[in-house]
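Okay, structure first, notes after.
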Amino acid sequence: MPLDHYVTLGRSGLRVSPFALGAMTFGEDPGAAGCSVEESERILSAYLDRGGNFIDTANFYTNGHSEKILGDYFAARPGRRQHVVLASKFFGNLFPGDPNGGGAGRASIIAQIHESLRRLRTDYLDVYWLHNWDRHTPIEETMRTLDDLVRAGKIRYVGFSNTPAWLTAQAQTLALLKGWTPLIALQVEYSLLARTVEGELAPLAADQGMALVPWSPLRNGFLSGKYRRGAEVTDSARSAFVGGPSEREYEVIDAVAAVADELGASSAAVSLAWLRSRPGTVVPIVGARRLEHLESNLAGLDVRLAPEHLEALDKVSEPELNYPSPVNGSIRSMLQFAGATVDGEESVVYPPLLQSAVRY
Ligand SMILES: NC(=O)c1ccc[n+]([C@@H]2O[C@H](COP(=O)([O-])OP(=O)(O)OC[C@H]3O[C@@H](n4cnc5c(N)ncnc54)[C@H](OP(=O)(O)O)[C@@H]3O)[C@@H](O)[C@H]2O)c1
């Protein structure tokens, strides 16, 4: 699938490319593990030239430099900004000691959007993400403020990132009942090395017609192919912050490498293709510290995984989900369907029901 074959982002009228571009590594500021302004612009140009249109940043990335790099890039190229879907996030506090400098309260959201629009040199954002759960602010205050920003023309669509499913469901229900702007997508950690989102948030997204937008789709580069058992990773800025894979993670990395070798593709491409094979609309945000990373990752759009590849990858990466997920799978279908097949789902009969025909 080419980058310019667009998909609709959740229950909305917004069309985005099948891979978003992450700008978290734009800038060489402390803690970023990022790249220079020039390399960031090369990455951005390559992505846009191939028809990519969905760019992800945050007020907090590289202390605001990521937004500034994007703003300067588009300001120097009149006419291009309005053809991209520019997304940023609020929550991160850039002002040490100021309790209202971040979070999701009314005053802080309004201050943060103004700062983001200033750095991005634009009048509006296409998608505005809540970056994290603000447990000190009522969710109705956050949702009402976001709706006000939509009505004021400062943002167009709203999504959540890193929030618990119960809170996300509460926010969505509130928005729908109040006639406020609903959430169209959830930005979640999701990869072959991070699948616990499948327990609560992914089913919520499916139920509510929200797209899933996975962050760290290569789990900080662990799935890129450059992490190999027993070999030192020499070309990485991120590894200094995140260390290396665990033994359990290497089992998945090995399985990905085996599929990649069979297909003549990179591990990065296979990992991203696996994400795209997941149910519903899944739009991974690709990360790149070098132009070559972007090119290797975009190749994930051309990889076709056969059923046996998917089965092997699904099995080796199977997540351990929190209660009540374990009792909502085959135990549920056994108790509910008693051996019948429903909507393609097979079930078995609860054994005691077969041991006696007596019913009361
Ligand atoms: N909502 C959130 O909380 C949240 C959190 C994190 C990220 N995000 C978003 O998601 C985007 C992507 O996240 P991420 O950067 O963590 O993604 P990732 O793909 O898991 O990691 C990207 C890093 O892996 C390495 N890498 C990527 N592709 C490679 C390749 N083909 N070959 C070799 N190395 C490769 C590079 O680091 P090194 O070269 O330094 O090893 C690169 O900076 C971010 O830009 C941001 O927009 C959101």
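Following the order of the structure tokens, chains are lettered A, B, ..., residues in each are numbered from 1, and ligands are numbered from 1.
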
Taking only C-alpha atoms and all ligand atoms into account, list the residues no farther than 7 Å from ligand 1, as a PDB file with C-alpha atoms, in the first residue's frame.
```pdb
ATOM      1  CA  LEU A  21       5.624  10.603  10.825  1.00  0.00           C
ATOM      2  CA  GLY A  22       6.829  11.082  14.409  1.00  0.00           C
ATOM      3  CA  ALA A  23       8.728  14.290  15.168  1.00  0.00           C
ATOM      4  CA  MET A  24       9.751  13.412  18.728  1.00  0.00           C
ATOM      5  CA  THR A  25      13.350  13.027  17.519  1.00  0.00           C
ATOM      6  CA  ALA A  33      18.101  11.080  21.220  1.00  0.00           C
ATOM      7  CA  GLY A  34      17.238  13.084  18.139  1.00  0.00           C
ATOM      8  CA  ASP A  56       2.884  13.941  15.015  1.00  0.00           C
ATOM      9  CA  THR A  57       4.581  16.195  17.547  1.00  0.00           C
ATOM     10  CA  HIS A 131      -0.778  13.322  26.105  1.00  0.00           C
ATOM     11  CA  SER A 161      -3.054   9.200  24.463  1.00  0.00           C
ATOM     12  CA  ASN A 162      -2.004   7.053  27.427  1.00  0.00           C
ATOM     13  CA  GLN A 187      -2.577   7.196  20.450  1.00  0.00           C
ATOM     14  CA  VAL A 188      -1.280   4.137  22.264  1.00  0.00           C
ATOM     15  CA  TRP A 215       3.554   5.094  19.176  1.00  0.00           C
ATOM     16  CA  SER A 216       6.994   3.472  19.459  1.00  0.00           C
ATOM     17  CA  PRO A 217       5.931   0.891  16.851  1.00  0.00           C
ATOM     18  CA  LEU A 218       9.478  -0.528  16.922  1.00  0.00           C
ATOM     19  CA  ARG A 219       9.652  -0.382  20.730  1.00  0.00           C
ATOM     20  CA  ASN A 220      12.381   2.264  20.755  1.00  0.00           C
ATOM     21  CA  GLY A 221      14.121   0.612  17.799  1.00  0.00           C
ATOM     22  CA  SER A 224      14.382  -2.400  13.781  1.00  0.00           C
ATOM     23  CA  GLY A 225      16.738  -5.336  13.165  1.00  0.00           C
ATOM     24  CA  LYS A 226      19.836  -3.742  14.687  1.00  0.00           C
ATOM     25  CA  ASP A 235      24.539   3.174  15.917  1.00  0.00           C
ATOM     26  CA  SER A 236      21.878   4.260  18.402  1.00  0.00           C
ATOM     27  CA  ALA A 237      21.188   7.424  20.373  1.00  0.00           C
ATOM     28  CA  ARG A 238      18.098   5.929  22.042  1.00  0.00           C
ATOM     29  CA  SER A 239      19.824   2.884  23.604  1.00  0.00           C
ATOM     30  CA  ALA A 268      11.449  -2.943  10.888  1.00  0.00           C
ATOM     31  CA  ILE A 285       3.678   6.660  13.862  1.00  0.00           C
ATOM     32  CA  VAL A 286       7.064   5.835  12.399  1.00  0.00           C
ATOM     33  CA  GLY A 287      10.113   7.213  14.163  1.00  0.00           C
ATOM     34  CA  ALA A 288      13.409   7.975  12.419  1.00  0.00           C
ATOM     35  CA  ARG A 289      16.672   9.536  13.582  1.00  0.00           C
ATOM     36  CA  GLU A 292      17.660   5.763   6.068  1.00  0.00           C
ATOM     37  CA  HIS A 293      15.509   4.788   9.071  1.00  0.00           C
ATOM     38  CA  LEU A 294      12.501   6.411   7.441  1.00  0.00           C
ATOM     39  CA  SER A 296      13.537   1.251   5.816  1.00  0.00           C
ATOM     40  CA  ASN A 297      10.366   1.825   7.851  1.00  0.00           C
TER      41      ASN A 297
END
```

Next item on the list: Write out as an MDAnalysis selection string the residues lying within 9 Å of stretch 314-321 of chain A, counting only C-alpha atoms and excluding same-chain residues fewer than 5 positions away.
Entry: chainID A and resid 192:199 249 251:252 255 274 309 326

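For A:Gly159, the list of residues within 6 Å, based on only C-alpha atoms and with local chain neighbours fewer than 4 positions off taken out, reads A:Trp129, A:Leu183, A:Ile184, A:Ala185, A:Leu186.
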
Quick one: which stretch 228-289 of chain A residues come within 9 Å of stretch 203-206 of chain A, and what is the nearest atom pair for each with the distance in Å to one decimal, counting only C-alpha atoms, rows ordered by chain and ascending number, as JSON lines?
```
{"residue": "A:Pro279", "atom": "CA", "partner": "A:Ala206", "partner_atom": "CA", "distance": 8.3}
{"residue": "A:Gly280", "atom": "CA", "partner": "A:Ala206", "partner_atom": "CA", "distance": 6.6}
{"residue": "A:Thr281", "atom": "CA", "partner": "A:Ala206", "partner_atom": "CA", "distance": 8.8}
```

File dump, residues just selected, N, CA and C atoms, as a PDB file, in the first residue's frame:
```
ATOM      1  N   PRO A 279      -6.715  -5.653  13.618  1.00  0.00           N
ATOM      2  CA  PRO A 279      -8.087  -5.279  13.249  1.00  0.00           C
ATOM      3  C   PRO A 279      -8.338  -3.770  13.372  1.00  0.00           C
ATOM      4  N   GLY A 280      -9.239  -3.263  12.555  1.00  0.00           N
ATOM      5  CA  GLY A 280      -9.620  -1.848  12.618  1.00  0.00           C
ATOM      6  C   GLY A 280      -8.616  -0.974  11.883  1.00  0.00           C
ATOM      7  N   THR A 281      -8.763   0.326  12.061  1.00  0.00           N
ATOM      8  CA  THR A 281      -7.838   1.271  11.431  1.00  0.00           C
ATOM      9  C   THR A 281      -6.666   1.488  12.381  1.00  0.00           C
TER      10      THR A 281
END
```

Checklist line | Using only C-alpha atoms: which of A:Ala312, A:Leu120, A:Ala104, A:Val327 has the shortest distance to A:Ala75 | finding: A:Leu120

Next item on the list: Pull the strand (DSSP E) assignments for stretch 190-328 of chain A out of DSSP run on the backbone, and list those residues as a ChimeraX atom specification.
Entry: /A:211-215,285-286

Next item on the list: Compare A:His136, A:Arg278, A:Lys178, A:His5 by their minimum atom-to-atom distance to A:Ala202, counting only C-alpha atoms, and give me the closest one.
Entry: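 When distances to A:Ala202 are compared using only C-alpha atoms, the smallest one comes from A:Arg278.
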
Write out as a PDB file with C-alpha atoms, in the first residue's frame all residues of stretch 30-269 of chain A that backbone DSSP assigns to alpha helix (DSSP H).
```
ATOM      1  CA  VAL A  37      17.460  20.472  12.126  1.00  0.00           C
ATOM      2  CA  GLU A  38      18.882  19.656   8.669  1.00  0.00           C
ATOM      3  CA  GLU A  39      18.335  15.897   9.063  1.00  0.00           C
ATOM      4  CA  SER A  40      14.841  16.503  10.483  1.00  0.00           C
ATOM      5  CA  GLU A  41      14.000  18.554   7.386  1.00  0.00           C
ATOM      6  CA  ARG A  42      15.388  15.859   5.081  1.00  0.00           C
ATOM      7  CA  ILE A  43      13.231  13.241   6.819  1.00  0.00           C
ATOM      8  CA  LEU A  44      10.177  15.486   6.629  1.00  0.00           C
ATOM      9  CA  SER A  45      10.698  16.295   2.943  1.00  0.00           C
ATOM     10  CA  ALA A  46      11.161  12.614   2.033  1.00  0.00           C
ATOM     11  CA  TYR A  47       7.956  11.710   3.880  1.00  0.00           C
ATOM     12  CA  LEU A  48       5.937  14.529   2.291  1.00  0.00           C
ATOM     13  CA  ASP A  49       7.348  13.898  -1.194  1.00  0.00           C
ATOM     14  CA  HIS A  65      12.102  22.569  19.374  1.00  0.00           C
ATOM     15  CA  SER A  66      10.270  19.821  17.484  1.00  0.00           C
ATOM     16  CA  GLU A  67       7.254  22.109  16.986  1.00  0.00           C
ATOM     17  CA  LYS A  68       9.528  24.997  16.004  1.00  0.00           C
ATOM     18  CA  ILE A  69      11.357  22.887  13.403  1.00  0.00           C
ATOM     19  CA  LEU A  70       8.001  21.959  11.855  1.00  0.00           C
ATOM     20  CA  GLY A  71       6.743  25.552  12.015  1.00  0.00           C
ATOM     21  CA  ASP A  72       9.867  26.950  10.363  1.00  0.00           C
ATOM     22  CA  TYR A  73       9.789  24.247   7.678  1.00  0.00           C
ATOM     23  CA  PHE A  74       6.235  25.047   6.611  1.00  0.00           C
ATOM     24  CA  ALA A  75       6.692  28.817   6.942  1.00  0.00           C
ATOM     25  CA  ARG A 106      -8.925  24.843  31.206  1.00  0.00           C
ATOM     26  CA  ALA A 107      -6.292  27.516  31.814  1.00  0.00           C
ATOM     27  CA  SER A 108      -3.369  25.245  31.045  1.00  0.00           C
ATOM     28  CA  ILE A 109      -4.868  23.820  27.839  1.00  0.00           C
ATOM     29  CA  ILE A 110      -5.538  27.334  26.539  1.00  0.00           C
ATOM     30  CA  ALA A 111      -2.007  28.463  27.384  1.00  0.00           C
ATOM     31  CA  GLN A 112      -0.531  25.332  25.789  1.00  0.00           C
ATOM     32  CA  ILE A 113      -2.466  25.630  22.528  1.00  0.00           C
ATOM     33  CA  HIS A 114      -1.334  29.240  22.120  1.00  0.00           C
ATOM     34  CA  GLU A 115       2.297  28.246  22.668  1.00  0.00           C
ATOM     35  CA  SER A 116       2.024  25.330  20.235  1.00  0.00           C
ATOM     36  CA  LEU A 117       0.385  27.471  17.539  1.00  0.00           C
ATOM     37  CA  ARG A 118       3.107  30.108  18.001  1.00  0.00           C
ATOM     38  CA  ARG A 119       5.939  27.595  17.619  1.00  0.00           C
ATOM     39  CA  LEU A 120       4.201  25.798  14.740  1.00  0.00           C
ATOM     40  CA  ILE A 139     -12.649  15.050  32.677  1.00  0.00           C
ATOM     41  CA  GLU A 140     -15.690  17.224  31.841  1.00  0.00           C
ATOM     42  CA  GLU A 141     -13.510  20.331  32.182  1.00  0.00           C
ATOM     43  CA  THR A 142     -10.993  18.897  29.698  1.00  0.00           C
ATOM     44  CA  MET A 143     -13.643  17.784  27.189  1.00  0.00           C
ATOM     45  CA  ARG A 144     -15.566  21.065  27.375  1.00  0.00           C
ATOM     46  CA  THR A 145     -12.366  23.074  26.849  1.00  0.00           C
ATOM     47  CA  LEU A 146     -11.383  20.937  23.842  1.00  0.00           C
ATOM     48  CA  ASP A 147     -14.858  21.455  22.387  1.00  0.00           C
ATOM     49  CA  ASP A 148     -14.468  25.223  22.890  1.00  0.00           C
ATOM     50  CA  LEU A 149     -11.160  25.082  20.981  1.00  0.00           C
ATOM     51  CA  VAL A 150     -12.857  23.259  18.103  1.00  0.00           C
ATOM     52  CA  ARG A 151     -15.634  25.869  18.009  1.00  0.00           C
ATOM     53  CA  ALA A 165      -9.877   2.853  29.189  1.00  0.00           C
ATOM     54  CA  TRP A 166     -12.490   3.624  31.847  1.00  0.00           C
ATOM     55  CA  LEU A 167     -11.654   7.342  31.716  1.00  0.00           C
ATOM     56  CA  THR A 168     -11.568   7.366  27.927  1.00  0.00           C
ATOM     57  CA  ALA A 169     -14.992   5.716  27.783  1.00  0.00           C
ATOM     58  CA  GLN A 170     -16.308   8.232  30.303  1.00  0.00           C
ATOM     59  CA  ALA A 171     -14.958  11.147  28.244  1.00  0.00           C
ATOM     60  CA  GLN A 172     -16.422   9.788  25.020  1.00  0.00           C
ATOM     61  CA  THR A 173     -19.851   9.114  26.526  1.00  0.00           C
ATOM     62  CA  LEU A 174     -19.907  12.595  28.032  1.00  0.00           C
ATOM     63  CA  ALA A 175     -18.967  14.207  24.723  1.00  0.00           C
ATOM     64  CA  LEU A 176     -21.607  12.269  22.797  1.00  0.00           C
ATOM     65  CA  LEU A 177     -24.365  13.043  25.321  1.00  0.00           C
ATOM     66  CA  LYS A 178     -23.437  16.720  25.581  1.00  0.00           C
ATOM     67  CA  LEU A 201      -8.225   0.297  24.888  1.00  0.00           C
ATOM     68  CA  ALA A 202      -8.295  -1.560  21.550  1.00  0.00           C
ATOM     69  CA  PRO A 203     -11.769  -3.061  22.191  1.00  0.00           C
ATOM     70  CA  LEU A 204     -12.971   0.412  23.271  1.00  0.00           C
ATOM     71  CA  ALA A 205     -11.585   1.921  20.059  1.00  0.00           C
ATOM     72  CA  ALA A 206     -13.295  -0.774  17.961  1.00  0.00           C
ATOM     73  CA  ASP A 207     -16.603  -0.221  19.746  1.00  0.00           C
ATOM     74  CA  GLN A 208     -16.465   3.568  19.356  1.00  0.00           C
ATOM     75  CA  SER A 239      19.824   2.884  23.604  1.00  0.00           C
ATOM     76  CA  ALA A 240      21.605   5.149  26.099  1.00  0.00           C
ATOM     77  CA  PHE A 241      18.164   6.000  27.524  1.00  0.00           C
ATOM     78  CA  VAL A 242      16.305   2.706  27.200  1.00  0.00           C
ATOM     79  CA  GLU A 247      15.568 -12.270  27.058  1.00  0.00           C
ATOM     80  CA  ARG A 248      11.791 -12.487  26.560  1.00  0.00           C
ATOM     81  CA  GLU A 249      11.930  -9.597  24.063  1.00  0.00           C
ATOM     82  CA  TYR A 250      14.730 -11.326  22.144  1.00  0.00           C
ATOM     83  CA  GLU A 251      12.407 -14.297  21.544  1.00  0.00           C
ATOM     84  CA  VAL A 252      10.074 -11.962  19.640  1.00  0.00           C
ATOM     85  CA  ILE A 253      12.959 -10.150  17.927  1.00  0.00           C
ATOM     86  CA  ASP A 254      14.309 -13.527  16.706  1.00  0.00           C
ATOM     87  CA  ALA A 255      10.911 -14.534  15.336  1.00  0.00           C
ATOM     88  CA  VAL A 256      10.591 -11.216  13.492  1.00  0.00           C
ATOM     89  CA  ALA A 257      14.098 -11.648  12.039  1.00  0.00           C
ATOM     90  CA  ALA A 258      13.187 -15.141  10.792  1.00  0.00           C
ATOM     91  CA  VAL A 259      10.119 -13.807   8.934  1.00  0.00           C
ATOM     92  CA  ALA A 260      12.149 -10.877   7.615  1.00  0.00           C
ATOM     93  CA  ASP A 261      14.862 -13.212   6.269  1.00  0.00           C
ATOM     94  CA  GLU A 262      12.255 -15.373   4.557  1.00  0.00           C
ATOM     95  CA  LEU A 263      10.662 -12.364   2.862  1.00  0.00           C
ATOM     96  CA  SER A 267      12.739  -6.522  10.654  1.00  0.00           C
ATOM     97  CA  ALA A 268      11.449  -2.943  10.888  1.00  0.00           C
ATOM     98  CA  ALA A 269       9.278  -3.409   7.801  1.00  0.00           C
TER      99      ALA A 269
END
```

Note to self: So that I can check the surroundings of A:Gln82, please list as a list of chain:residue names every protein, DNA and RNA residue that reaches within 10 Å of it, counting only C-alpha atoms and ignoring chain neighbours fewer than 3 positions away.
What the structure shows: A:Phe74, A:Pro78, A:Gly79, A:Val85, A:Leu86, A:Thr122, A:Tyr124, A:Asp126

Could you take the residues named above and write them with C-alpha atoms, as a CSV table (one decimal), in the first residue's frame?
```csv
chain,number,residue,atom,x,y,z
A,74,PHE,CA,6.2,25.0,6.6
A,78,PRO,CA,4.0,28.6,1.6
A,79,GLY,CA,1.0,26.6,0.6
A,85,VAL,CA,-2.6,16.8,9.0
A,86,LEU,CA,-0.6,18.5,11.8
A,122,THR,CA,-0.1,28.1,12.2
A,124,TYR,CA,-4.9,25.7,13.8
A,126,ASP,CA,-5.7,19.3,12.7
```

Item checked: Point-to-point distance from atom CA of A:Phe90 to atom CA of A:Arg15, Å rounded to tenths ->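 Straight-line distance from atom CA of A:Phe90 to atom CA of A:Arg15 works out to 22.4 Å.
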
Item checked: Å distance separating atom CA of A:Gly103 from atom CA of A:Gly243, one decimal place ->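 Computing the Euclidean distance for atom CA of A:Gly103 and atom CA of A:Gly243 yields 28.8 Å.
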
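Nearest to A:Ala306 of all the residues A:Leu335, A:Leu9, A:Leu291, A:Ala273 is A:Ala273, based on only C-alpha atoms.
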
Margin query: Report, in Å to a single decimal, how far apart atom CA of A:Ser266 and atom CA of A:Leu305 are.
Written below: 12.7 Å

Margin query: I'd like the neighbourhood of A:Gly339 as a ChimeraX atom specification, where a residue qualifies if any of its atoms comes within 8 Å (using only C-alpha atoms), though same-chain residues fewer than 6 positions away should be ignored.
Written below: /A:346-349
